[in-house]
Every structure is written in C-alpha cells, then in structure tokens.
$ cat input-v1.csv   # CSV, C-alpha atoms
chain,number,residue,atom,x,y,z
A,1,MET,CA,92.5,96.5,94.3
A,2,SER,CA,95.3,98.4,96.0
A,3,GLY,CA,97.6,96.5,98.4
A,4,THR,CA,96.6,98.9,101.3
A,5,ASP,CA,92.8,98.8,100.7
A,6,SER,CA,91.6,96.2,103.2
A,7,SER,CA,88.0,97.4,103.0
A,8,ARG,CA,87.2,95.1,100.0
A,9,ARG,CA,89.3,92.2,101.2
A,10,GLU,CA,87.7,89.3,103.1
A,11,PRO,CA,88.7,89.2,106.7
A,12,LEU,CA,91.9,87.2,107.4
A,13,SER,CA,90.4,84.2,109.3
A,14,GLY,CA,90.9,80.6,110.2
A,15,ARG,CA,93.7,78.7,108.3
A,16,LYS,CA,94.8,81.9,106.4
A,17,LEU,CA,95.1,83.8,109.7
A,18,ARG,CA,97.3,81.0,111.2
A,19,GLU,CA,99.4,80.9,108.0
A,20,ARG,CA,100.0,84.6,108.1
A,21,ALA,CA,101.0,84.5,111.7
A,22,LEU,CA,103.4,81.7,111.1
A,23,ASP,CA,104.8,83.5,108.1
A,24,LEU,CA,105.5,86.6,110.1
A,25,LEU,CA,107.1,84.5,112.9
A,26,SER,CA,109.2,82.6,110.4
A,27,ARG,CA,110.9,85.9,109.4
A,28,ARG,CA,111.7,87.1,113.0
A,29,ASP,CA,110.5,86.9,116.5
A,30,HIS,CA,107.7,89.3,117.4
A,31,SER,CA,106.2,90.3,120.7
A,32,ARG,CA,102.6,89.3,121.2
A,33,VAL,CA,101.5,92.9,120.9
A,34,GLU,CA,103.4,93.4,117.6
A,35,LEU,CA,102.1,90.2,116.1
A,36,ARG,CA,98.5,91.2,117.1
A,37,GLN,CA,98.9,94.6,115.5
A,38,LYS,CA,100.4,93.2,112.3
A,39,LEU,CA,97.6,90.7,111.9
A,40,ILE,CA,95.0,93.4,112.5
A,41,GLN,CA,96.7,95.5,109.8
A,42,LYS,CA,96.4,92.5,107.4
A,43,GLY,CA,92.7,92.3,108.0
A,44,ALA,CA,92.5,89.6,110.7
A,45,ARG,CA,89.2,89.1,112.5
A,46,VAL,CA,89.9,90.5,116.0
A,47,ASP,CA,87.9,87.8,117.7
A,48,GLU,CA,90.2,85.1,116.3
A,49,ILE,CA,93.5,86.7,117.2
A,50,GLY,CA,93.6,86.1,120.9
A,51,PRO,CA,93.0,82.3,120.7
A,52,LEU,CA,95.6,82.0,117.9
A,53,LEU,CA,98.2,84.0,119.9
A,54,ASP,CA,97.5,81.8,122.9
A,55,GLU,CA,98.0,78.7,120.8
A,56,LEU,CA,101.3,80.0,119.3
A,57,GLU,CA,102.5,80.8,122.8
A,58,ASP,CA,101.6,77.3,124.1
A,59,ILE,CA,103.6,75.6,121.3
A,60,GLY,CA,106.6,78.0,121.8
A,61,TYR,CA,106.4,79.9,118.5
A,62,LEU,CA,105.5,83.2,120.2
A,63,ASP,CA,107.5,84.1,123.3
A,64,ASP,CA,107.9,87.7,124.6
A,65,ARG,CA,110.9,86.7,126.7
A,66,ARG,CA,112.7,85.2,123.7
A,67,PHE,CA,111.7,88.2,121.6
A,68,ALA,CA,113.2,90.6,124.2
A,69,GLU,CA,116.4,88.7,124.5
A,70,ASN,CA,116.9,88.6,120.7
A,71,PHE,CA,115.9,92.3,120.4
A,72,VAL,CA,118.6,93.3,122.9
A,73,ARG,CA,121.3,91.0,121.4
A,74,PHE,CA,120.6,92.2,117.9
A,75,ARG,CA,120.9,95.8,118.9
A,76,ALA,CA,123.8,95.4,121.3
A,77,GLY,CA,126.1,97.5,119.1
A,78,LYS,CA,123.7,100.5,119.2
A,79,ALA,CA,124.7,103.5,121.3
A,80,TRP,CA,121.7,102.9,123.6
A,81,GLY,CA,121.6,102.9,127.4
A,82,ARG,CA,119.6,100.5,129.6
A,83,ARG,CA,116.7,103.0,129.8
A,84,ARG,CA,116.4,103.1,126.0
A,85,TYR,CA,116.3,99.3,125.7
A,86,GLY,CA,113.6,99.2,128.4
A,87,GLN,CA,111.6,101.9,126.5
A,88,GLU,CA,111.9,100.1,123.2
A,89,LEU,CA,110.8,96.8,124.7
A,90,ALA,CA,107.8,98.5,126.5
A,91,LYS,CA,106.8,100.2,123.2
A,92,ARG,CA,106.6,96.8,121.6
A,93,GLY,CA,104.3,95.5,124.4
A,94,VAL,CA,106.7,93.4,126.4
A,95,ASP,CA,105.5,93.0,130.0
A,96,SER,CA,107.3,95.2,132.5
A,97,ASP,CA,108.4,92.1,134.6
A,98,ILE,CA,110.0,90.6,131.5
A,99,VAL,CA,111.7,94.0,130.6
A,100,LYS,CA,113.1,94.2,134.2
A,101,GLU,CA,114.4,90.6,134.0
A,102,ILE,CA,116.0,91.2,130.6
A,103,LEU,CA,117.7,94.4,131.8
A,104,GLU,CA,119.1,92.6,134.9
A,105,THR,CA,120.2,89.3,133.3
A,106,THR,CA,121.3,90.0,129.7
A,107,PRO,CA,125.2,90.1,129.6
A,108,GLU,CA,125.2,93.0,127.1
A,109,LEU,CA,123.2,95.1,129.6
A,110,THR,CA,125.1,94.6,132.8
A,111,TYR,CA,126.2,97.8,134.5
A,112,GLN,CA,129.8,96.9,133.8
A,113,SER,CA,129.1,96.4,130.1
A,114,MET,CA,127.1,99.5,129.8
A,115,ASP,CA,129.8,101.6,131.6
A,116,GLU,CA,132.4,100.3,129.2
A,117,LYS,CA,130.2,101.2,126.2
A,118,LEU,CA,129.5,104.6,127.7
A,119,ARG,CA,133.2,105.3,128.2
A,120,ARG,CA,134.0,104.4,124.6
A,121,LEU,CA,131.2,106.6,123.4
A,122,VAL,CA,132.3,109.5,125.5
A,123,GLU,CA,135.9,109.1,124.4
A,124,ARG,CA,134.9,108.9,120.7
A,125,GLU,CA,132.7,112.0,120.8
A,126,LEU,CA,135.1,114.1,122.9
A,127,SER,CA,138.0,113.2,120.6
A,128,ARG,CA,136.0,114.5,117.7
A,129,GLY,CA,135.9,117.9,119.4
A,130,LYS,CA,132.3,117.8,120.5
A,131,GLU,CA,131.3,119.9,123.5
A,132,PRO,CA,131.0,117.9,126.7
A,133,ASP,CA,127.5,119.3,127.4
A,134,LYS,CA,126.2,118.3,124.0
A,135,VAL,CA,127.8,114.8,124.3
A,136,ALA,CA,126.1,114.4,127.7
A,137,ALA,CA,122.7,115.5,126.4
A,138,SER,CA,123.0,113.2,123.4
A,139,LEU,CA,123.8,110.2,125.6
A,140,ALA,CA,121.0,111.0,128.0
A,141,ARG,CA,118.6,111.0,125.0
A,142,LYS,CA,120.0,107.6,124.1
A,143,GLY,CA,119.0,106.2,127.5
A,144,PHE,CA,122.1,106.5,129.6
A,145,ALA,CA,121.7,107.6,133.2
A,146,LEU,CA,123.1,111.1,134.0
A,147,PRO,CA,125.3,109.9,137.0
A,148,ALA,CA,126.8,107.3,134.7
A,149,ILE,CA,127.4,109.9,132.0
A,150,ARG,CA,129.1,112.2,134.5
A,151,GLY,CA,131.3,109.4,135.7
A,152,ALA,CA,132.4,108.5,132.2
A,153,MET,CA,133.1,112.1,131.4
A,154,GLN,CA,135.3,112.5,134.4
A,155,HIS,CA,137.7,109.9,133.0
A,156,PHE,CA,138.5,112.3,130.1
A,157,HIS,CA,138.7,115.7,131.9

$ encode --input "input-v1.csv" --output "structure tokens"
Amino acid sequence: MSGTDSSRREPLSGRKLRERALDLLSRRDHSRVELRQKLIQKGARVDEIGPLLDELEDIGYLDDRRFAENFVRFRAGKAWGRRRYGQELAKRGVDSDIVKEILETTPELTYQSMDEKLRRLVERELSRGKEPDKVAASLARKGFALPAIRGAMQHFH
C-alpha cells in the first residue's frame, strides 16, 4: 500500500486520531484550521475532529493566538510587511480578530519596527543598484503599504 493511498486505510479514529493530533502539535503549533486539514489528509473521521479540537483547545494544546504569535516571531526576519503577515495568518485560518490583535500588539510588527525594517530593505536594494520603481513594487508585493514605501524611499533620494 502506498503512503498516499488513504482509500484502503481504516479511518483515523478514537485514540489513534488523538495520538496523531498530539504528535503533530508536539512538533510545532498549528492553527485549528491547519490541524483539522492535516488530520483529514491523514484519514481522520470528520465527525470526530471537531470534538477533539475542542478538547485540545480546552486543555491548552491548541491555541490560535499562541500559534499566531509564534508564527510572527519565527518569521520576524523575513522581508514581510504587516499586510503580508495578516494574509498569511488568515490563510492558515486564524480568526480576523486575533489577526488584528497580533498585528497591533506584537513588538516585531509595531509601525516603528516595520518602518525601520522597511528603511533597511530600501537602502539595501537601492545600494545594489536596483531601480526605485522595482524596489517599491517588490516591497508592495511583500505586504508593505505604499505610503510607508514612499516615505522610506524619500530618505535615500
């Protein structure tokens, strides 16, 4: 039997479902949506997933807020703007209220921190001889706001 052929496998259920969920959570935090998707991919019985996830949340093993905080901290060195962090968290199923809170309260995402990061990125890219329009477009794709990009670019012109 192939590792990807779940059609011949018994559904992941009961104790095995719980063990699989705990194994996944022991490796790293997951959002509720991510863990649900992974368990479904592993052949979990859909009717058992919701109650298990509720239980894992109740005992503190599954926590979207903690997941979001760790997600941001782990990726703090990336050349991402606040918008990109928000998009990535939303894509992973984190509730919009939690995303908003994380964007407002995480030290790495304060406007001052992001402005400093943006200025460093602009300086680095311009010093490499890249065209200002291309630098601005690249930074916009990475989730930085256009007014902030313009402000950072003015420091170097």

$ closest_residue --input "input-v1.csv" --among "A:Arg92, A:Arg65, A:Arg84, A:Arg73" --to "Arg36 (chain A)" --atoms "all atoms listed in the file"
A:Arg92

$ closest_atom_pairs --input "input-v1.csv" --of "region 3-100 of chain A" --to "region 105-113 of chain A" --cutoff "9 Å" --atoms "all atoms listed in the file" --output "CSV"
residue,atom,partner,partner_atom,distance
A:Glu69,CA,A:Thr106,CA,7.3
A:Val72,CA,A:Glu108,CA,7.8
A:Arg73,CA,A:Glu108,CA,7.2
A:Ala76,CA,A:Glu108,CA,6.4
A:Gly81,CA,A:Leu109,CA,8.3
A:Arg82,CA,A:Leu109,CA,6.5
A:Tyr85,CA,A:Leu109,CA,9.0
A:Lys100,CA,A:Thr105,CA,8.7

$ closest_residue --input "input-v1.csv" --among "A:Arg15, A:Arg66, A:Arg120, A:Arg75" --to "Ile102 (chain A)" --atoms "only C-alpha atoms"
A:Arg66

$ closest_residue --input "input-v1.csv" --among "A:Lys117, A:Arg18, A:Arg83, A:His30" --to "Ala152 (chain A)" --atoms "only C-alpha atoms"
A:Lys117

$ residues_around --input "input-v1.csv" --residues "Leu39 (chain A)" --least-positions-apart "4" --cutoff "10 Å" --atoms "all atoms listed in the file" --output "ChimeraX atom specification"
/A:12,17-18,20-21,24,34-35,43-46,49

$ atom_distance --input "input-v1.csv" --atom1 "CA of Ala140 (chain A)" --atom2 "CA of Met153 (chain A)"
12.6 Å

$ atom_distance --input "input-v1.csv" --atom1 "CA of Met114 (chain A)" --atom2 "CA of Pro132 (chain A)"
19.1 Å

$ atom_distance --input "input-v1.csv" --atom1 "CA of Ser31 (chain A)" --atom2 "CA of Asp64 (chain A)"
5.0 Å

$ residues_around --input "input-v1.csv" --residues "Ser96 (chain A)" --least-positions-apart "5" --cutoff "10 Å" --atoms "all atoms listed in the file" --output "list in words"
Gly86, Gln87, Leu89, Ala90, Glu101 and Ile102 of chain A

$ closest_residue --input "input-v1.csv" --among "A:Gln41, A:Trp80, A:Arg128, A:Tyr61" --to "Ser26 (chain A)" --atoms "all atoms listed in the file"
A:Tyr61

$ closest_residue --input "input-v1.csv" --among "A:Ile59, A:Leu118, A:Val33, A:Ala136" --to "Asp95 (chain A)" --atoms "all atoms listed in the file"
A:Val33

$ closest_residue --input "input-v1.csv" --among "A:Leu52, A:His155, A:Phe144, A:Gly93" --to "Gly14 (chain A)" --atoms "all atoms listed in the file"
A:Leu52
